[in-house]
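Enquirer: Structure: coords-v8.txt, compact mmCIF, C-alpha atoms.
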# COMPACT_ATOMS: atom_id res chain seq x y z
CA MET A 31 8.71 -17.49 -6.17
CA GLY A 32 9.09 -15.21 -3.18
CA TRP A 33 11.49 -12.71 -1.65
CA VAL A 34 12.31 -11.45 1.84
CA VAL A 35 14.25 -8.20 2.28
CA ALA A 36 15.77 -8.00 5.78
CA SER A 37 17.63 -4.89 6.94
CA HIS A 38 20.05 -5.23 9.88
CA SER A 39 21.03 -1.85 11.31
CA ALA A 40 23.58 -3.31 13.74
CA ARG A 41 25.49 -4.95 10.89
CA HIS A 42 24.77 -2.12 8.43
CA GLN A 43 23.62 -4.72 5.96
CA THR A 44 20.48 -5.79 4.10
CA ASP A 45 20.06 -9.46 3.20
CA ILE A 46 17.94 -10.73 0.31
CA TYR A 47 16.38 -14.19 0.63
CA LYS A 48 14.58 -16.10 -2.11
CA THR A 49 12.26 -19.10 -2.19
CA ALA A 50 11.10 -21.13 -5.19
CA ASP A 51 8.83 -23.57 -3.31
CA GLY A 52 6.35 -21.37 -1.48
CA GLY A 53 8.55 -20.75 1.55
CA LEU A 54 9.51 -24.33 2.43
CA HIS A 55 13.15 -23.51 1.71
CA TRP A 56 14.93 -20.15 1.61
CA ALA A 57 18.33 -19.23 0.25
CA LEU A 58 20.39 -16.13 0.97
CA LEU A 59 20.58 -14.69 -2.54
CA SER A 60 22.56 -11.51 -1.98
CA SER A 61 23.42 -8.74 0.49
CA LEU A 62 23.72 -4.97 0.28
CA PRO A 63 25.99 -2.84 2.51
CA GLU A 64 23.00 -0.69 3.48
CA ALA A 65 21.46 -0.35 6.96
CA ALA A 66 17.96 0.42 5.69
CA VAL A 67 16.10 0.08 2.41
CA GLN A 68 12.58 0.50 1.11
CA SER A 69 11.16 -2.17 -1.19
CA ILE A 70 9.99 -0.31 -4.29
CA GLY A 71 9.21 -3.15 -6.69
CA VAL A 72 9.04 -6.93 -6.39
CA ALA A 73 8.41 -9.37 -9.24
CA GLU A 74 9.45 -12.86 -10.26
CA SER A 75 12.13 -11.37 -12.50
CA GLY A 76 13.80 -9.35 -9.75
CA LEU A 77 13.40 -6.58 -7.21
CA LEU A 78 13.97 -2.86 -6.92
CA LEU A 79 15.15 -1.33 -3.63
CA MET A 80 15.81 2.21 -2.44
CA PRO A 81 18.52 2.58 0.25
CA VAL A 82 17.69 5.35 2.73
CA ASP A 83 19.59 7.08 5.52
CA SER A 84 18.29 7.93 9.00
CA ASP A 85 16.44 10.95 7.56
CA SER A 86 14.74 8.83 4.85
CA HIS A 87 16.95 10.54 2.25
CA SER A 88 18.06 8.65 -0.85
CA ASP A 89 19.75 9.43 -4.15
CA HIS A 90 19.63 6.07 -5.95
CA LEU A 91 17.85 2.77 -6.49
CA MET A 92 19.35 -0.72 -6.58
CA PHE A 93 17.99 -3.28 -9.04
CA LEU A 94 18.64 -7.00 -8.67
CA ALA A 95 17.68 -9.27 -11.56
CA ASP A 96 16.96 -12.91 -10.79
CA GLY A 97 20.22 -14.67 -11.54
CA GLY A 98 22.13 -11.41 -12.02
CA GLY A 99 23.99 -8.81 -10.02
CA TRP A 100 23.10 -5.42 -8.55
CA GLU A 101 22.65 -2.40 -10.80
CA ARG A 102 22.68 1.14 -9.38
CA ARG A 103 20.17 3.58 -10.88
CA SER A 104 20.41 7.24 -9.91
CA LEU A 105 17.42 9.30 -8.81
CA PRO A 106 16.82 12.90 -9.88
CA THR A 107 18.76 15.42 -7.79
CA VAL A 108 17.47 15.38 -4.23
CA PRO A 109 18.67 18.20 -1.93
CA PRO A 110 20.02 17.23 1.50
CA ASN A 111 17.41 16.52 4.19
CA VAL A 112 14.68 16.12 1.57
CA SER A 113 12.92 12.76 1.43
CA VAL A 114 11.26 11.30 -1.64
CA SER A 115 8.20 9.17 -2.33
CA VAL A 116 8.74 6.56 -5.05
CA GLN A 117 6.21 4.21 -6.63
CA PHE A 118 6.67 1.65 -9.42
CA LEU A 119 4.09 -0.40 -11.28
CA PRO A 120 4.43 -4.21 -11.13
CA ASP A 121 6.29 -4.13 -14.47
CA MET A 122 9.11 -2.30 -12.59
CA LYS A 123 9.56 -0.06 -15.63
CA HIS A 124 7.01 2.70 -15.07
CA GLY A 125 7.58 4.69 -11.91
CA TRP A 126 7.14 8.11 -10.31
CA LEU A 127 9.14 10.11 -7.80
CA LEU A 128 7.85 13.01 -5.72
CA ARG A 129 10.33 15.28 -3.94
CA ASP A 130 8.67 16.12 -0.63
CA ASN A 131 8.00 19.85 -0.09
CA TYR A 132 9.28 20.69 -3.57
CA GLY A 133 6.28 19.88 -5.73
CA ASP A 134 8.23 18.23 -8.55
CA LEU A 135 6.81 14.97 -9.89
CA PHE A 136 9.19 12.87 -12.01
CA GLN A 137 8.42 9.86 -14.19
CA THR A 138 10.50 6.99 -15.56
CA ALA A 139 9.57 4.42 -18.20
CA ASP A 140 12.80 2.41 -18.09
CA GLY A 141 12.99 1.23 -14.50
CA GLY A 142 14.66 4.35 -13.11
CA ARG A 143 17.57 4.60 -15.53
CA THR A 144 16.27 7.97 -16.77
CA TRP A 145 13.74 10.43 -15.33
CA LYS A 146 11.77 13.43 -16.59
CA VAL A 147 9.66 16.06 -14.83
CA VAL A 148 5.98 15.65 -15.68
CA SER A 149 4.57 18.39 -13.44
CA SER A 150 5.53 20.92 -10.78
CA LEU A 151 2.29 21.49 -8.93
CA ARG A 152 2.28 23.65 -5.82
CA LYS A 153 -0.56 21.39 -4.67
CA PHE A 154 2.06 18.75 -3.88
CA GLU A 155 3.57 21.08 -1.28
CA ASP A 156 0.43 21.19 0.89
CA ALA A 157 0.76 19.28 4.14
CA GLY A 158 -2.67 17.70 3.66
CA THR A 159 -1.94 16.32 0.20
CA SER A 160 -1.13 12.62 -0.16
CA PRO A 161 1.54 11.35 -2.57
CA PRO A 162 0.07 10.36 -5.94
CA VAL A 163 -0.66 6.68 -6.57
CA PHE A 164 -0.78 5.21 -10.10
CA TRP A 165 -2.47 1.99 -11.24
CA ASN A 166 -1.22 2.03 -14.84
CA ALA A 167 1.18 4.05 -16.97
CA THR A 168 -1.21 6.99 -17.38
CA ASP A 169 -3.85 6.93 -14.61
CA GLY A 170 -3.45 7.87 -10.95
CA SER A 171 -4.97 9.67 -7.98
CA MET A 172 -4.11 11.71 -4.91
CA PHE A 173 -6.08 13.32 -2.10
CA ASP A 174 -6.08 16.80 -0.61
CA GLN A 175 -7.48 17.04 2.93
CA ASP A 176 -9.42 20.27 3.17
CA GLY A 177 -10.68 20.83 6.71
CA ASP A 178 -13.37 18.28 7.55
CA ASN A 179 -13.57 17.01 3.98
CA PHE A 180 -11.20 16.01 1.22
CA VAL A 181 -10.79 16.33 -2.53
CA CYS A 182 -9.88 13.44 -4.83
CA LEU A 183 -7.68 14.45 -7.77
CA LEU A 184 -7.27 12.25 -10.84
CA THR A 185 -4.82 12.23 -13.74
CA HIS A 186 -5.02 10.42 -17.07
CA ASP A 187 -1.75 11.69 -18.56
CA SER A 188 0.86 10.23 -16.17
CA GLY A 189 0.59 13.13 -13.72
CA ALA A 190 0.99 16.09 -16.08
CA THR A 191 -2.49 17.46 -15.31
CA TRP A 192 -5.00 16.76 -12.53
CA HIS A 193 -8.75 17.28 -12.18
CA THR A 194 -11.19 16.95 -9.29
CA ALA A 195 -13.28 13.79 -9.11
CA GLY A 196 -17.01 14.28 -8.52
CA LEU A 197 -17.42 12.11 -5.42
CA PRO A 198 -20.90 11.64 -3.89
CA ALA A 199 -22.11 13.77 -1.00
CA ILE A 200 -22.04 12.14 2.45
CA GLN A 201 -24.20 13.06 5.44
CA ALA A 202 -22.55 10.89 8.09
CA GLY A 203 -24.20 12.55 11.08
CA GLU A 204 -27.66 11.93 9.68
CA ASP A 205 -26.86 8.35 8.66
CA LEU A 206 -25.50 7.46 12.11
CA GLY A 207 -27.87 9.60 14.13
CA ILE A 208 -25.13 11.51 15.96
CA THR A 209 -24.40 15.20 16.40
CA ALA A 210 -20.62 15.03 16.81
CA LYS A 211 -18.59 16.91 14.22
CA LEU A 212 -17.14 14.29 11.89
CA MET A 213 -14.27 14.51 9.45
CA LEU A 214 -14.15 12.43 6.27
CA SER A 215 -10.81 10.82 5.47
CA PRO A 216 -10.08 8.79 2.31
CA GLY A 217 -8.52 5.38 2.09
CA GLU A 218 -6.42 4.45 -0.92
CA LEU A 219 -8.32 4.28 -4.19
CA THR A 220 -8.21 0.64 -5.33
CA MET A 221 -8.48 0.19 -9.10
CA PHE A 222 -8.96 -3.36 -10.38
CA ASP A 223 -8.36 -2.34 -14.00
CA ALA A 224 -8.42 0.87 -16.03
CA THR A 225 -12.13 1.52 -15.40
CA ASN A 226 -13.37 -0.34 -12.28
CA GLY A 227 -12.43 0.73 -8.78
CA VAL A 228 -13.51 1.24 -5.16
CA LEU A 229 -12.81 4.03 -2.69
CA ALA A 230 -13.29 3.65 1.07
CA ILE A 231 -14.04 6.79 3.09
CA PHE A 232 -13.44 6.74 6.85
CA LEU A 233 -15.06 8.72 9.64
CA VAL A 234 -13.05 10.60 12.25
CA ASP A 235 -14.43 12.27 15.36
CA SER A 236 -12.12 15.21 16.07
CA ALA A 237 -12.92 14.81 19.79
CA ASP A 238 -12.15 11.06 19.87
CA ARG A 239 -9.27 9.83 17.73
CA SER A 240 -8.53 6.80 19.92
CA PRO A 241 -8.13 3.30 18.42
CA ASP A 242 -11.24 2.28 20.37
CA SER A 243 -13.49 4.90 18.80
CA PRO A 244 -16.73 3.20 17.66
CA LEU A 245 -16.50 5.12 14.39
CA ARG A 246 -13.58 2.91 13.35
CA LYS A 247 -16.13 0.15 12.70
CA PHE A 248 -17.90 2.21 10.03
CA HIS A 249 -16.89 3.43 6.62
CA TYR A 250 -18.43 4.47 3.34
CA VAL A 251 -17.74 2.85 -0.03
CA THR A 252 -18.23 4.37 -3.47
CA ARG A 253 -17.49 2.74 -6.82
CA THR A 254 -16.53 3.80 -10.32
CA VAL A 255 -16.91 1.83 -13.55
CA ASP A 256 -15.53 4.47 -15.92
CA GLY A 257 -12.10 5.32 -14.55
CA GLY A 258 -13.32 7.90 -12.04
CA ALA A 259 -15.53 10.01 -14.29
CA ASP A 260 -18.63 9.00 -12.30
CA TRP A 261 -19.15 7.53 -8.82
CA SER A 262 -21.95 5.57 -7.18
CA ALA A 263 -23.85 6.82 -4.15
CA ALA A 264 -21.80 6.26 -0.99
CA LYS A 265 -22.83 3.15 0.95
CA LEU A 266 -22.38 3.02 4.73
CA VAL A 267 -20.82 -0.30 5.81
CA HIS A 268 -20.60 -1.70 9.34
CA LEU A 269 -17.33 -3.59 9.83
CA PRO A 270 -16.97 -6.62 12.15
CA ALA A 271 -13.88 -5.01 13.71
CA ALA A 272 -12.06 -1.70 13.65
CA GLY A 273 -9.75 -1.40 10.67
CA ALA A 274 -9.45 -0.76 6.96
CA PRO A 275 -10.79 -3.35 4.49
CA VAL A 276 -8.67 -4.49 1.57
CA PHE A 277 -10.55 -4.90 -1.71
CA LEU A 278 -9.94 -7.94 -3.90
CA ASP A 279 -12.74 -6.74 -6.18
CA SER A 280 -15.95 -4.76 -5.73
CA GLN A 281 -17.66 -7.60 -3.83
CA ARG A 282 -14.82 -9.50 -2.11
CA TRP A 283 -13.11 -7.72 0.77
CA VAL A 284 -10.84 -8.84 3.61
CA LEU A 285 -10.25 -7.15 6.96
CA ALA A 286 -7.52 -7.71 9.56
CA GLY A 287 -8.93 -7.10 13.04
CA ASP A 288 -7.54 -7.76 16.51
CA ARG A 289 -6.19 -11.34 16.19
CA HIS A 290 -8.93 -12.19 13.71
CA LEU A 291 -9.34 -11.87 9.97
CA TYR A 292 -12.70 -11.49 8.25
CA PHE A 293 -13.94 -11.69 4.67
CA THR A 294 -17.09 -10.74 2.80
CA ARG A 295 -18.38 -11.85 -0.59
CA ASP A 296 -21.26 -9.38 -0.87
CA ALA A 297 -19.62 -5.97 -0.40
CA GLY A 298 -19.87 -5.90 3.37
CA VAL A 299 -23.46 -7.08 3.86
CA HIS A 300 -22.30 -10.29 5.55
CA TRP A 301 -18.92 -11.06 7.13
CA ARG A 302 -17.36 -14.38 8.14
CA GLU A 303 -14.20 -15.16 10.05
CA ALA A 304 -11.41 -16.66 7.95
CA GLU A 305 -10.06 -20.13 8.71
CA GLY A 306 -6.52 -21.36 9.30
CA LEU A 307 -5.13 -18.47 11.35
CA ASN A 308 -3.73 -18.80 14.86
CA GLY A 309 -4.47 -15.48 16.55
CA GLY A 310 -2.28 -16.41 19.50
CA LEU A 311 0.78 -16.13 17.26
CA TRP A 312 0.02 -12.63 16.02
CA ARG A 313 2.68 -10.03 16.76
CA GLY A 314 2.28 -6.34 16.06
CA SER A 315 -0.25 -5.17 13.47
CA GLY A 316 -1.38 -7.43 10.67
CA VAL A 317 -1.06 -5.99 7.15
CA ILE A 318 -2.77 -7.52 4.11
CA HIS A 319 -1.12 -7.40 0.68
CA VAL A 320 -2.86 -8.52 -2.52
CA MET A 321 -0.97 -9.99 -5.46
CA GLN A 322 -1.66 -7.63 -8.34
CA SER A 323 -1.32 -10.31 -11.02
CA ASN A 324 -3.79 -12.64 -9.23
CA ARG A 325 -6.19 -10.98 -6.80
CA ASN A 326 -7.26 -14.35 -5.38
CA VAL A 327 -3.87 -14.48 -3.63
CA ALA A 328 -3.30 -12.40 -0.50
CA PHE A 329 -0.56 -12.26 2.12
CA LEU A 330 -0.90 -11.38 5.79
CA THR A 331 2.28 -10.10 7.44
CA PHE A 332 3.04 -9.06 11.00
CA TYR A 333 5.65 -6.48 11.84
CA GLU A 334 7.55 -5.55 14.94
CA ARG A 335 11.22 -5.01 14.11
CA ASP A 336 11.16 -7.46 11.21
CA ILE A 337 8.54 -9.69 9.64
CA GLU A 338 7.72 -12.25 12.31
CA TRP A 339 4.90 -14.15 10.65
CA LEU A 340 3.51 -14.62 7.16
CA ASP A 341 0.28 -16.31 6.10
CA VAL A 342 -1.03 -16.76 2.57
CA SER A 343 -4.50 -17.27 1.11
CA THR A 344 -5.10 -18.48 -2.43
CA ASP A 345 -8.92 -18.41 -2.34
CA GLY A 346 -9.62 -14.74 -1.77
CA GLY A 347 -9.13 -14.67 1.98
CA GLU A 348 -11.38 -17.54 3.13
CA HIS A 349 -8.59 -19.94 4.15
CA TRP A 350 -5.04 -19.17 5.25
CA LYS A 351 -1.90 -21.15 5.94
CA PRO A 352 1.45 -20.11 7.42
CA VAL A 353 4.53 -19.71 5.24
CA PRO A 354 7.87 -20.50 6.91
CA LEU A 355 10.31 -17.59 6.79
CA PRO A 356 14.10 -17.47 7.00
CA ASP A 357 15.68 -16.51 10.32
CA ILE A 358 16.07 -12.75 9.89
CA ARG A 359 16.54 -11.73 13.51
CA GLU A 360 18.98 -8.91 14.13
CA ALA A 361 22.44 -10.11 15.09
CA SER A 362 24.91 -8.24 17.29
CA ALA A 363 27.49 -6.14 15.51
Once you've parsed the file, please lay out its structure as structure tokens.
Expert:
Amino acid sequence: MGWVVASHSARHQTDIYKTADGGLHWALLSSLPEAAVQSIGVAESGLLLMPVDSDSHSDHLMFLADGGGWERRSLPTVPPNVSVSVQFLPDMKHGWLLRDNYGDLFQTADGGRTWKVVSSLRKFEDAGTSPPVFWNATDGSMFDQDGDNFVCLLTHDSGATWHTAGLPAIQAGEDLGITAKLMLSPGELTMFDATNGVLAIFLVDSADRSPDSPLRKFHYVTRTVDGGADWSAAKLVHLPAAGAPVFLDSQRWVLAGDRHLYFTRDAGVHWREAEGLNGGLWRGSGVIHVMQSNRNVAFLTFYERDIEWLDVSTDGGEHWKPVPLPDIREASA
């Protein structure tokens, strides 16, 4: 089962395609009279979309059940010119909404039919604070960039209260033997279950933020086995290419580089190039997505205006094969 959501601004329409045979055949399932949407939740049973205007403003979600019709679900009141950040768990029932610059965090447990405020933290209003990310109905994280360092905040009550995680100290200059002033920047905390997770920490030279900076081939990794209460010493990892690794588990990682994809089975000690990819067909930047229900399955997508190419791996990133996609090119109005 698979879905493609294709927005066409010229036609002010979003088309929904579905496949039941791994992409060999696609059918146009439905269309929405919306020029742009964000995919909020995708599952075999259906999908959840958020139509947005040119200012990324939205006031409702649209739910499409497999074999059913569209259902509109209203969001909490969003003032004009205020965008929102929305996240749903794979069950498409538990979700959170953050009103940008307002500090109000809402939660739903019924797929967005009803919402309640769980916290109104002024911390959410800080420009350096990331939107919260949840990995189950109660546990989540967010990051607050504080100068050259950052703070990781955790919640275990659905976002009602937050506490600072005790991350390990990092002496990047000493480890790399350089004197440049470095800033630490967090990647997304990846939790494999309620207790086990990995956090990547990236290095930024304030004097050299270019894509070719040699620091983009280094990052630190720290692990937790108790839901974030304790963290391992940070390990410095040398990447085979500039980029951000995606964690399948604590040992298996994949990395999309420049027209190449790499994988490791020993937490970054050794890297190998994946098989089955044609780098000459790459367009734009490759993005890796991991199936939450089966972390052996990963998808590699390429974006320019629409998805142009999709590859899938079912063995944890070692071998890949292309998946045919429907023709979703923009048509003239």
Enquirer: Of the residues A:Leu59, A:Ala328, A:Leu285, A:Ile318, which is the one nearest to Thr44 (chain A), using only C-alpha atoms?
Expert: A:Leu59
Enquirer: Rounded to one decimal in Å, what is the spacing between CA of Lys265 (chain A) and CA of Val251 (chain A)?
Expert: 5.2 Å
Enquirer: What is the distance between CA of Leu269 (chain A) and CA of Asp174 (chain A), in Å to one decimal?
Expert: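 A separation of 25.5 Å between them.
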Enquirer: Which residues come within 6 Å of region 218-235 of chain A, counting only C-alpha atoms, excluding same-chain residues fewer than 4 positions away, as a ChimeraX atom specification?
Expert: /A:212-214,249-257
Enquirer: Could you list, as a list in words, every residue within 7 Å of Leu135 (chain A), counting all atoms listed in the file and ignoring same-chain residues fewer than 6 positions away?
Expert: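 Within the cut-off, the hits are Trp126, Leu127, Leu128, Arg129, Val147, Val148, Ser149 and Ser150 of chain A.
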Enquirer: May I have the residues from that selection written out with C-alpha atoms, as a CSV table (one decimal), in the coordinates of the input?
Expert:
chain,number,residue,atom,x,y,z
A,126,TRP,CA,7.1,8.1,-10.3
A,127,LEU,CA,9.1,10.1,-7.8
A,128,LEU,CA,7.8,13.0,-5.7
A,129,ARG,CA,10.3,15.3,-3.9
A,147,VAL,CA,9.7,16.1,-14.8
A,148,VAL,CA,6.0,15.6,-15.7
A,149,SER,CA,4.6,18.4,-13.4
A,150,SER,CA,5.5,20.9,-10.8
Enquirer: Please identify all polymer residues within 12 Å of Thr49 (chain A), counting only C-alpha atoms, omitting same-chain residues fewer than 5 positions from it, and present them as a ChimeraX atom specification.
Expert: /A:31-35,54-59,74,96,353-356
Enquirer: As lines of an AutoDock Vina configuration file, please report the centre and edge lengths, rounded to one decimal in Å, of the axis-aligned box that holds all listed atoms of region 157-170 of chain A with 5 Å of padding on each of the six sides.
Expert:
center_x = -1.2
center_y = 10.6
center_z = -6.6
size_x = 15.4
size_y = 27.3
size_z = 31.5
